[in-house]
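What's in start.cif: mmCIF, C-alpha atoms, pLDDT in the B column; chains and numbers go by the auth columns
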data_work
#
loop_
_atom_site.group_PDB
_atom_site.id
_atom_site.type_symbol
_atom_site.label_atom_id
_atom_site.label_comp_id
_atom_site.label_asym_id
_atom_site.label_seq_id
_atom_site.Cartn_x
_atom_site.Cartn_y
_atom_site.Cartn_z
_atom_site.B_iso_or_equiv
_atom_site.auth_seq_id
_atom_site.auth_asym_id
ATOM 1 C CA MET A 1 171.509 -280.296 184.721 49.00 957 A
ATOM 2 C CA LEU A 2 167.766 -280.515 185.413 51.00 958 A
ATOM 3 C CA GLU A 3 168.386 -283.119 188.121 59.00 959 A
ATOM 4 C CA GLU A 4 170.940 -280.845 189.823 53.00 960 A
ATOM 5 C CA LEU A 5 168.475 -277.955 189.733 48.00 961 A
ATOM 6 C CA ASN A 6 165.745 -280.156 191.205 56.00 962 A
ATOM 7 C CA ASN A 7 168.085 -281.306 194.009 59.00 963 A
ATOM 8 C CA PHE A 8 168.962 -277.667 194.742 56.00 964 A
ATOM 9 C CA SER A 9 165.272 -276.765 194.858 75.00 965 A
ATOM 10 C CA ASN A 10 164.545 -279.646 197.230 81.00 966 A
ATOM 11 C CA MET A 11 167.443 -278.660 199.486 86.00 967 A
ATOM 12 C CA GLU A 12 166.253 -275.067 199.505 87.00 968 A
ATOM 13 C CA GLU A 13 162.736 -276.215 200.454 87.00 969 A
ATOM 14 C CA ILE A 14 164.211 -278.236 203.338 90.00 970 A
ATOM 15 C CA ILE A 15 166.015 -275.119 204.571 92.00 971 A
ATOM 16 C CA HIS A 16 162.721 -273.219 204.344 92.00 972 A
ATOM 17 C CA LEU A 17 160.996 -275.927 206.371 93.00 973 A
ATOM 18 C CA ILE A 18 163.778 -275.712 208.982 94.00 974 A
ATOM 19 C CA ARG A 19 163.083 -271.981 209.261 93.00 975 A
ATOM 20 C CA ILE A 20 159.379 -272.687 209.811 94.00 976 A
ATOM 21 C CA VAL A 21 160.156 -275.351 212.437 95.00 977 A
ATOM 22 C CA ALA A 22 162.507 -272.885 214.168 94.00 978 A
ATOM 23 C CA ALA A 23 159.648 -270.362 214.148 94.00 979 A
ATOM 24 C CA ALA A 24 157.318 -272.939 215.706 94.00 980 A
ATOM 25 C CA LEU A 25 159.863 -273.600 218.464 94.00 981 A
ATOM 26 C CA CYS A 26 160.380 -269.899 219.136 93.00 982 A
ATOM 27 C CA GLY A 27 156.608 -269.378 219.230 92.00 983 A
ATOM 28 C CA LEU A 28 156.336 -272.282 221.667 93.00 984 A
ATOM 29 C CA ILE A 29 158.957 -270.732 223.955 91.00 985 A
ATOM 30 C CA ILE A 30 157.282 -267.313 223.965 89.00 986 A
ATOM 31 C CA GLY A 31 153.786 -268.779 224.265 89.00 987 A
ATOM 32 C CA TYR A 32 154.712 -271.121 227.119 89.00 988 A
ATOM 33 C CA ASN A 33 155.221 -268.264 229.554 81.00 989 A
ATOM 34 C CA ARG A 34 151.953 -266.637 228.483 80.00 990 A
ATOM 35 C CA GLU A 35 150.035 -269.895 228.868 82.00 991 A
ATOM 36 C CA LYS A 36 151.680 -270.563 232.226 82.00 992 A
ATOM 37 C CA HIS A 37 150.121 -267.304 233.425 74.00 993 A
ATOM 38 C CA THR A 38 146.757 -268.216 231.802 73.00 994 A
ATOM 39 C CA LYS A 39 146.822 -265.394 229.269 71.00 995 A
ATOM 40 C CA VAL A 40 144.505 -265.218 226.264 70.00 996 A
ATOM 41 C CA ALA A 41 147.113 -266.263 223.706 78.00 997 A
ATOM 42 C CA GLY A 42 149.216 -269.242 224.752 83.00 998 A
ATOM 43 C CA ILE A 43 151.454 -271.846 223.184 89.00 999 A
ATOM 44 C CA LYS A 44 149.327 -272.814 220.184 90.00 1000 A
ATOM 45 C CA ALA A 45 148.497 -269.238 219.218 86.00 1001 A
ATOM 46 C CA HIS A 46 152.108 -268.076 219.453 89.00 1002 A
ATOM 47 C CA MET A 47 153.370 -271.122 217.547 91.00 1003 A
ATOM 48 C CA MET A 48 150.886 -270.669 214.704 91.00 1004 A
ATOM 49 C CA ILE A 49 151.444 -266.920 214.502 89.00 1005 A
ATOM 50 C CA CYS A 50 155.224 -267.316 214.415 91.00 1006 A
ATOM 51 C CA MET A 51 155.040 -270.087 211.789 93.00 1007 A
ATOM 52 C CA ALA A 52 152.615 -268.075 209.660 90.00 1008 A
ATOM 53 C CA ALA A 53 154.877 -265.024 209.773 90.00 1009 A
ATOM 54 C CA ALA A 54 157.884 -267.151 208.779 92.00 1010 A
ATOM 55 C CA LEU A 55 155.946 -268.763 205.929 91.00 1011 A
ATOM 56 C CA MET A 56 154.699 -265.399 204.666 88.00 1012 A
ATOM 57 C CA MET A 57 158.218 -264.003 204.797 88.00 1013 A
ATOM 58 C CA LEU A 58 159.484 -266.996 202.814 89.00 1014 A
ATOM 59 C CA ILE A 59 156.738 -266.397 200.265 86.00 1015 A
ATOM 60 C CA SER A 60 157.724 -262.735 200.155 83.00 1016 A
ATOM 61 C CA LYS A 61 161.372 -263.592 199.503 82.00 1017 A
ATOM 62 C CA TYR A 62 161.089 -266.662 197.293 81.00 1018 A
ATOM 63 C CA GLY A 63 157.502 -267.142 196.170 75.00 1019 A
ATOM 64 C CA PHE A 64 157.621 -264.995 193.055 71.00 1020 A
ATOM 65 C CA ARG A 65 160.744 -266.358 191.371 69.00 1021 A
ATOM 66 C CA ASP A 66 158.731 -268.192 188.744 65.00 1022 A
ATOM 67 C CA VAL A 67 157.327 -264.914 187.398 64.00 1023 A
ATOM 68 C CA MET A 68 160.355 -262.680 187.895 64.00 1024 A
ATOM 69 C CA GLY A 69 161.789 -261.377 184.663 64.00 1025 A
ATOM 70 C CA ILE A 70 158.565 -261.758 182.687 67.00 1026 A
ATOM 71 C CA GLU A 71 158.185 -258.665 180.545 68.00 1027 A
ATOM 72 C CA GLY A 72 155.439 -256.371 181.788 65.00 1028 A
ATOM 73 C CA PHE A 73 155.283 -258.091 185.191 62.00 1029 A
ATOM 74 C CA SER A 74 156.566 -256.349 188.283 65.00 1030 A
ATOM 75 C CA THR A 75 156.525 -257.373 191.902 67.00 1031 A
ATOM 76 C CA ASP A 76 157.143 -255.642 195.164 70.00 1032 A
ATOM 77 C CA VAL A 77 158.135 -258.411 197.542 66.00 1033 A
ATOM 78 C CA SER A 78 157.996 -256.045 200.504 72.00 1034 A
ATOM 79 C CA ARG A 79 154.210 -255.887 200.167 75.00 1035 A
ATOM 80 C CA VAL A 80 153.823 -259.356 201.695 75.00 1036 A
ATOM 81 C CA ALA A 81 155.911 -258.333 204.709 75.00 1037 A
ATOM 82 C CA ALA A 82 153.873 -255.127 205.011 77.00 1038 A
ATOM 83 C CA GLY A 83 150.707 -257.225 204.968 78.00 1039 A
ATOM 84 C CA ILE A 84 152.013 -259.250 207.893 77.00 1040 A
ATOM 85 C CA ILE A 85 152.458 -256.076 209.910 75.00 1041 A
ATOM 86 C CA THR A 86 148.911 -254.970 209.020 76.00 1042 A
ATOM 87 C CA GLY A 87 147.576 -258.249 210.352 75.00 1043 A
ATOM 88 C CA VAL A 88 149.156 -257.505 213.717 73.00 1044 A
ATOM 89 C CA GLY A 89 146.718 -254.651 214.241 73.00 1045 A
ATOM 90 C CA ILE A 90 143.801 -257.017 213.851 73.00 1046 A
ATOM 91 C CA LEU A 91 145.249 -259.535 216.301 70.00 1047 A
ATOM 92 C CA GLY A 92 146.158 -256.819 218.780 70.00 1048 A
ATOM 93 C CA GLY A 93 142.655 -255.375 218.643 71.00 1049 A
ATOM 94 C CA ILE A 94 141.177 -258.771 219.415 71.00 1050 A
ATOM 95 C CA VAL A 95 143.201 -259.375 222.585 70.00 1051 A
ATOM 96 C CA ILE A 96 143.076 -255.845 224.019 71.00 1052 A
ATOM 97 C CA VAL A 97 139.812 -255.261 225.875 70.00 1053 A
ATOM 98 C CA ARG A 98 138.538 -252.647 228.290 66.00 1054 A
ATOM 99 C CA ASN A 99 136.727 -253.549 231.469 65.00 1055 A
ATOM 100 C CA ASN A 100 133.706 -251.656 232.790 66.00 1056 A
ATOM 101 C CA LYS A 101 136.024 -249.201 234.608 68.00 1057 A
ATOM 102 C CA GLY A 102 137.774 -248.293 231.361 66.00 1058 A
ATOM 103 C CA ALA A 103 141.051 -250.058 232.163 68.00 1059 A
ATOM 104 C CA ALA A 104 142.651 -251.893 229.253 67.00 1060 A
ATOM 105 C CA SER A 105 143.906 -255.446 229.579 70.00 1061 A
ATOM 106 C CA GLY A 106 145.679 -257.683 227.107 73.00 1062 A
ATOM 107 C CA ILE A 107 148.255 -255.093 226.101 75.00 1063 A
ATOM 108 C CA ASN A 108 151.185 -257.332 227.074 78.00 1064 A
ATOM 109 C CA THR A 109 149.633 -260.228 225.173 78.00 1065 A
ATOM 110 C CA ALA A 110 149.195 -258.026 222.092 80.00 1066 A
ATOM 111 C CA ALA A 111 152.806 -256.867 222.408 82.00 1067 A
ATOM 112 C CA GLY A 112 153.918 -260.491 222.754 82.00 1068 A
ATOM 113 C CA LEU A 113 152.061 -261.352 219.557 84.00 1069 A
ATOM 114 C CA TRP A 114 153.763 -258.416 217.836 85.00 1070 A
ATOM 115 C CA VAL A 115 157.167 -259.702 218.933 89.00 1071 A
ATOM 116 C CA THR A 116 156.253 -263.253 217.926 89.00 1072 A
ATOM 117 C CA ILE A 117 155.347 -262.069 214.429 89.00 1073 A
ATOM 118 C CA GLY A 118 158.655 -260.214 214.218 90.00 1074 A
ATOM 119 C CA VAL A 119 160.522 -263.351 215.279 93.00 1075 A
ATOM 120 C CA GLY A 120 158.706 -265.374 212.629 92.00 1076 A
ATOM 121 C CA MET A 121 159.517 -262.788 209.977 90.00 1077 A
ATOM 122 C CA ALA A 122 163.176 -262.748 211.004 92.00 1078 A
ATOM 123 C CA LEU A 123 163.377 -266.536 210.870 93.00 1079 A
ATOM 124 C CA GLY A 124 161.652 -266.581 207.490 90.00 1080 A
ATOM 125 C CA ALA A 125 164.283 -264.122 206.283 89.00 1081 A
ATOM 126 C CA GLY A 126 167.067 -266.332 207.658 90.00 1082 A
ATOM 127 C CA MET A 127 168.033 -263.987 210.500 92.00 1083 A
ATOM 128 C CA TYR A 128 168.462 -266.747 213.087 92.00 1084 A
ATOM 129 C CA ILE A 129 170.701 -264.967 215.613 95.00 1085 A
ATOM 130 C CA SER A 130 168.498 -261.866 215.728 93.00 1086 A
ATOM 131 C CA ALA A 131 165.361 -263.976 216.146 93.00 1087 A
ATOM 132 C CA ILE A 132 166.801 -266.112 218.936 94.00 1088 A
ATOM 133 C CA GLY A 133 168.178 -263.006 220.649 94.00 1089 A
ATOM 134 C CA VAL A 134 164.722 -261.413 220.602 93.00 1090 A
ATOM 135 C CA VAL A 135 163.179 -264.596 222.048 93.00 1091 A
ATOM 136 C CA ILE A 136 165.671 -264.486 224.938 93.00 1092 A
ATOM 137 C CA ILE A 137 165.036 -260.786 225.545 93.00 1093 A
ATOM 138 C CA THR A 138 161.272 -261.416 225.385 90.00 1094 A
ATOM 139 C CA LEU A 139 161.538 -264.109 228.063 88.00 1095 A
ATOM 140 C CA ILE A 140 163.470 -261.726 230.291 89.00 1096 A
ATOM 141 C CA VAL A 141 160.918 -258.939 229.758 87.00 1097 A
ATOM 142 C CA GLN A 142 157.996 -261.303 230.419 82.00 1098 A
ATOM 143 C CA ARG A 143 159.521 -262.244 233.767 82.00 1099 A
ATOM 144 C CA MET A 144 159.982 -258.631 234.877 80.00 1100 A
ATOM 145 C CA PRO A 145 157.755 -257.650 237.774 78.00 1101 A
ATOM 146 C CA HIS A 146 154.729 -255.536 236.979 69.00 1102 A
ATOM 147 C CA ILE A 147 155.156 -251.953 238.176 65.00 1103 A
ATOM 148 C CA SER A 148 151.840 -250.504 239.272 58.00 1104 A
ATOM 149 C CA GLY A 149 150.981 -246.833 239.039 53.00 1105 A
ATOM 150 C CA ASP A 150 151.635 -246.323 242.785 50.00 1106 A
ATOM 151 C CA VAL A 151 155.115 -247.824 242.572 47.00 1107 A
ATOM 152 C CA HIS A 152 155.803 -245.789 239.447 46.00 1108 A
ATOM 153 C CA GLU A 153 154.807 -242.589 241.262 50.00 1109 A
ATOM 154 C CA ASP A 154 156.981 -243.564 244.266 47.00 1110 A
ATOM 155 C CA LEU A 155 159.954 -244.087 241.956 44.00 1111 A
ATOM 156 C CA HIS A 156 159.246 -240.764 240.269 46.00 1112 A
ATOM 157 C CA ASP A 157 159.088 -239.020 243.685 50.00 1113 A
ATOM 158 C CA MET A 158 162.447 -240.548 244.609 47.00 1114 A
ATOM 159 C CA ASP A 159 164.015 -239.004 241.481 47.00 1115 A
ATOM 160 C CA ASN A 160 162.873 -235.505 242.445 47.00 1116 A
#
Before anything else, please render the file you have as structure tokens.
Amino acid sequence: MLEELNNFSNMEEIIHLIRIVAAALCGLIIGYNREKHTKVAGIKAHMMICMAAALMMLISKYGFRDVMGIEGFSTDVSRVAAGIITGVGILGGIVIVRNNKGAASGINTAAGLWVTIGVGMALGAGMYISAIGVVIITLIVQRMPHISGDVHEDLHDMDN
């Protein structure tokens, strides 16, 4: 019985590691485009952020099983996931800067990090199809042409 339980635990850990590797690959895919355009956060940053989010989500879901059911002990596993989201604000604040004219830059990079964290969380939760779908959508969005204020105003004028 104990041997069967140990084998199950090992198999479960392998599945967890597969989720983390999938997160690393998704982070690589998202980060590649950013690095190709010499943005602040590239492949390594996106890979590590996505893996960390997946790992933290795994901890949130499975890391407290050894203490569950102990009388007088309560856990709120959603707190770990909420902590991940809080960390996004710190990362976003680091990459968004204002130049001497007051214009902000790094907003797309911060948004990409936000998405990458979401992908990692989804993979950590075992939501593979959603995560891969978001990676594909992210690649499409990253390849969209930038619309400047003048073009935006021209498009707005055309609507009126």
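Taking CA of Ala1037 in chain A and CA of Met1013 in chain A as the two end points, the separation is 6.1 Å.
Distances to Ser1086 in chain A were evaluated for A:Ala997, A:Gly1074, A:Val1053, A:Ala1038 using only C-alpha atoms, and the minimum falls at A:Gly1074.
The gap separating CA of Gln1098 in chain A from CA of Tyr988 in chain A is 10.9 Å, in Å to one decimal.
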Quick one: residues within 12 Å of Val977 in chain A, all atoms listed in the file counted, chain neighbours fewer than 3 positions away excluded, as a list in words?
Ile970, Ile971, His972, Leu973, Ile974, Ala980, Leu981, Cys982, Gly983, Leu984, Met1003, Met1004, Cys1006, Met1007, Ala1008, Ala1009, Ala1010, Leu1011, Gly1076, Leu1079, Gly1080 and Tyr1084 of chain A
Go ahead and dump the residues you just picked, C-alpha atoms, as a compact mmCIF listing (two decimals), in the frame of the given file.
# COMPACT_ATOMS: atom_id res chain seq x y z
CA ILE A 970 164.21 -278.24 203.34
CA ILE A 971 166.02 -275.12 204.57
CA HIS A 972 162.72 -273.22 204.34
CA LEU A 973 161.00 -275.93 206.37
CA ILE A 974 163.78 -275.71 208.98
CA ALA A 980 157.32 -272.94 215.71
CA LEU A 981 159.86 -273.60 218.46
CA CYS A 982 160.38 -269.90 219.14
CA GLY A 983 156.61 -269.38 219.23
CA LEU A 984 156.34 -272.28 221.67
CA MET A 1003 153.37 -271.12 217.55
CA MET A 1004 150.89 -270.67 214.70
CA CYS A 1006 155.22 -267.32 214.42
CA MET A 1007 155.04 -270.09 211.79
CA ALA A 1008 152.62 -268.08 209.66
CA ALA A 1009 154.88 -265.02 209.77
CA ALA A 1010 157.88 -267.15 208.78
CA LEU A 1011 155.95 -268.76 205.93
CA GLY A 1076 158.71 -265.37 212.63
CA LEU A 1079 163.38 -266.54 210.87
CA GLY A 1080 161.65 -266.58 207.49
CA TYR A 1084 168.46 -266.75 213.09
With distances taken over all atoms listed in the file, which of A:Ile1085, A:Val1051, A:Val1090, A:Ile1046 is nearest to Thr1072 in chain A?
A:Val1090
Excluding Val1091 in chain A and residues on its chain fewer than 5 positions from it, collect all residues at most 8 Å away from it, counting all atoms listed in the file, and give them as a VMD selection string.
chain A and resid 982 985 to 986 1075
Written coordinates, C-alpha atoms of range 1027-1101 of chain A as a compact mmCIF listing (two decimals), in the first residue's frame:
# COMPACT_ATOMS: atom_id res chain seq x y z
CA GLU A 1027 -7.77 20.28 13.83
CA GLY A 1028 -7.45 24.01 14.40
CA PHE A 1029 -5.54 24.53 11.14
CA SER A 1030 -7.17 26.28 8.22
CA THR A 1031 -5.81 27.28 4.85
CA ASP A 1032 -6.97 29.50 2.07
CA VAL A 1033 -5.21 28.18 -1.00
CA SER A 1034 -6.39 31.14 -3.06
CA ARG A 1035 -4.06 33.41 -1.08
CA VAL A 1036 -1.01 32.09 -2.95
CA ALA A 1037 -2.66 32.84 -6.30
CA ALA A 1038 -3.62 36.30 -5.03
CA GLY A 1039 0.00 36.86 -4.03
CA ILE A 1040 1.10 36.08 -7.58
CA ILE A 1041 -1.21 38.77 -8.90
CA THR A 1042 0.18 41.26 -6.35
CA GLY A 1043 3.68 40.55 -7.59
CA VAL A 1044 2.63 41.59 -11.08
CA GLY A 1045 2.22 45.17 -9.91
CA ILE A 1046 5.82 45.25 -8.77
CA LEU A 1047 7.11 43.84 -12.05
CA GLY A 1048 4.91 46.17 -14.08
CA GLY A 1049 6.14 49.19 -12.14
CA ILE A 1050 9.73 48.24 -12.85
CA VAL A 1051 9.34 48.05 -16.64
CA ILE A 1052 7.06 51.06 -17.13
CA VAL A 1053 9.08 54.28 -17.22
CA ARG A 1054 8.39 57.85 -18.25
CA ASN A 1055 10.75 59.81 -20.43
CA ASN A 1056 11.56 63.49 -19.89
CA LYS A 1057 8.52 64.48 -22.00
CA GLY A 1058 6.18 62.53 -19.74
CA ALA A 1059 5.45 59.74 -22.22
CA ALA A 1060 5.28 56.26 -20.74
CA SER A 1061 7.11 53.33 -22.29
CA GLY A 1062 7.19 49.68 -21.34
CA ILE A 1063 3.43 49.32 -21.07
CA ASN A 1064 3.30 46.52 -23.65
CA THR A 1065 6.14 44.73 -21.89
CA ALA A 1066 4.32 45.03 -18.55
CA ALA A 1067 1.14 43.71 -20.17
CA GLY A 1068 3.13 40.84 -21.69
CA LEU A 1069 4.47 39.97 -18.25
CA TRP A 1070 0.92 40.05 -16.89
CA VAL A 1071 -0.21 37.63 -19.60
CA THR A 1072 2.84 35.43 -19.03
CA ILE A 1073 2.01 35.17 -15.33
CA GLY A 1074 -1.57 34.25 -16.22
CA VAL A 1075 -0.32 31.56 -18.59
CA GLY A 1076 1.94 30.16 -15.88
CA MET A 1077 -0.92 30.13 -13.39
CA ALA A 1078 -3.20 28.39 -15.88
CA LEU A 1079 -0.57 25.75 -16.61
CA GLY A 1080 0.06 25.24 -12.90
CA ALA A 1081 -3.67 24.68 -12.50
CA GLY A 1082 -3.67 22.17 -15.37
CA MET A 1083 -5.57 24.38 -17.81
CA TYR A 1084 -3.41 23.50 -20.82
CA ILE A 1085 -5.79 24.43 -23.65
CA SER A 1086 -6.60 27.84 -22.17
CA ALA A 1087 -2.92 28.58 -21.59
CA ILE A 1088 -1.85 27.58 -25.10
CA GLY A 1089 -4.76 29.53 -26.57
CA VAL A 1090 -3.66 32.66 -24.70
CA VAL A 1091 -0.08 32.19 -25.94
CA ILE A 1092 -1.34 32.05 -29.54
CA ILE A 1093 -3.54 35.11 -29.05
CA THR A 1094 -0.62 36.93 -27.39
CA LEU A 1095 1.61 36.24 -30.40
CA ILE A 1096 -1.06 37.61 -32.72
CA VAL A 1097 -1.51 40.74 -30.58
CA GLN A 1098 2.26 41.29 -30.35
CA ARG A 1099 2.48 41.27 -34.15
CA MET A 1100 -0.30 43.83 -34.59
CA PRO A 1101 0.91 47.14 -35.96
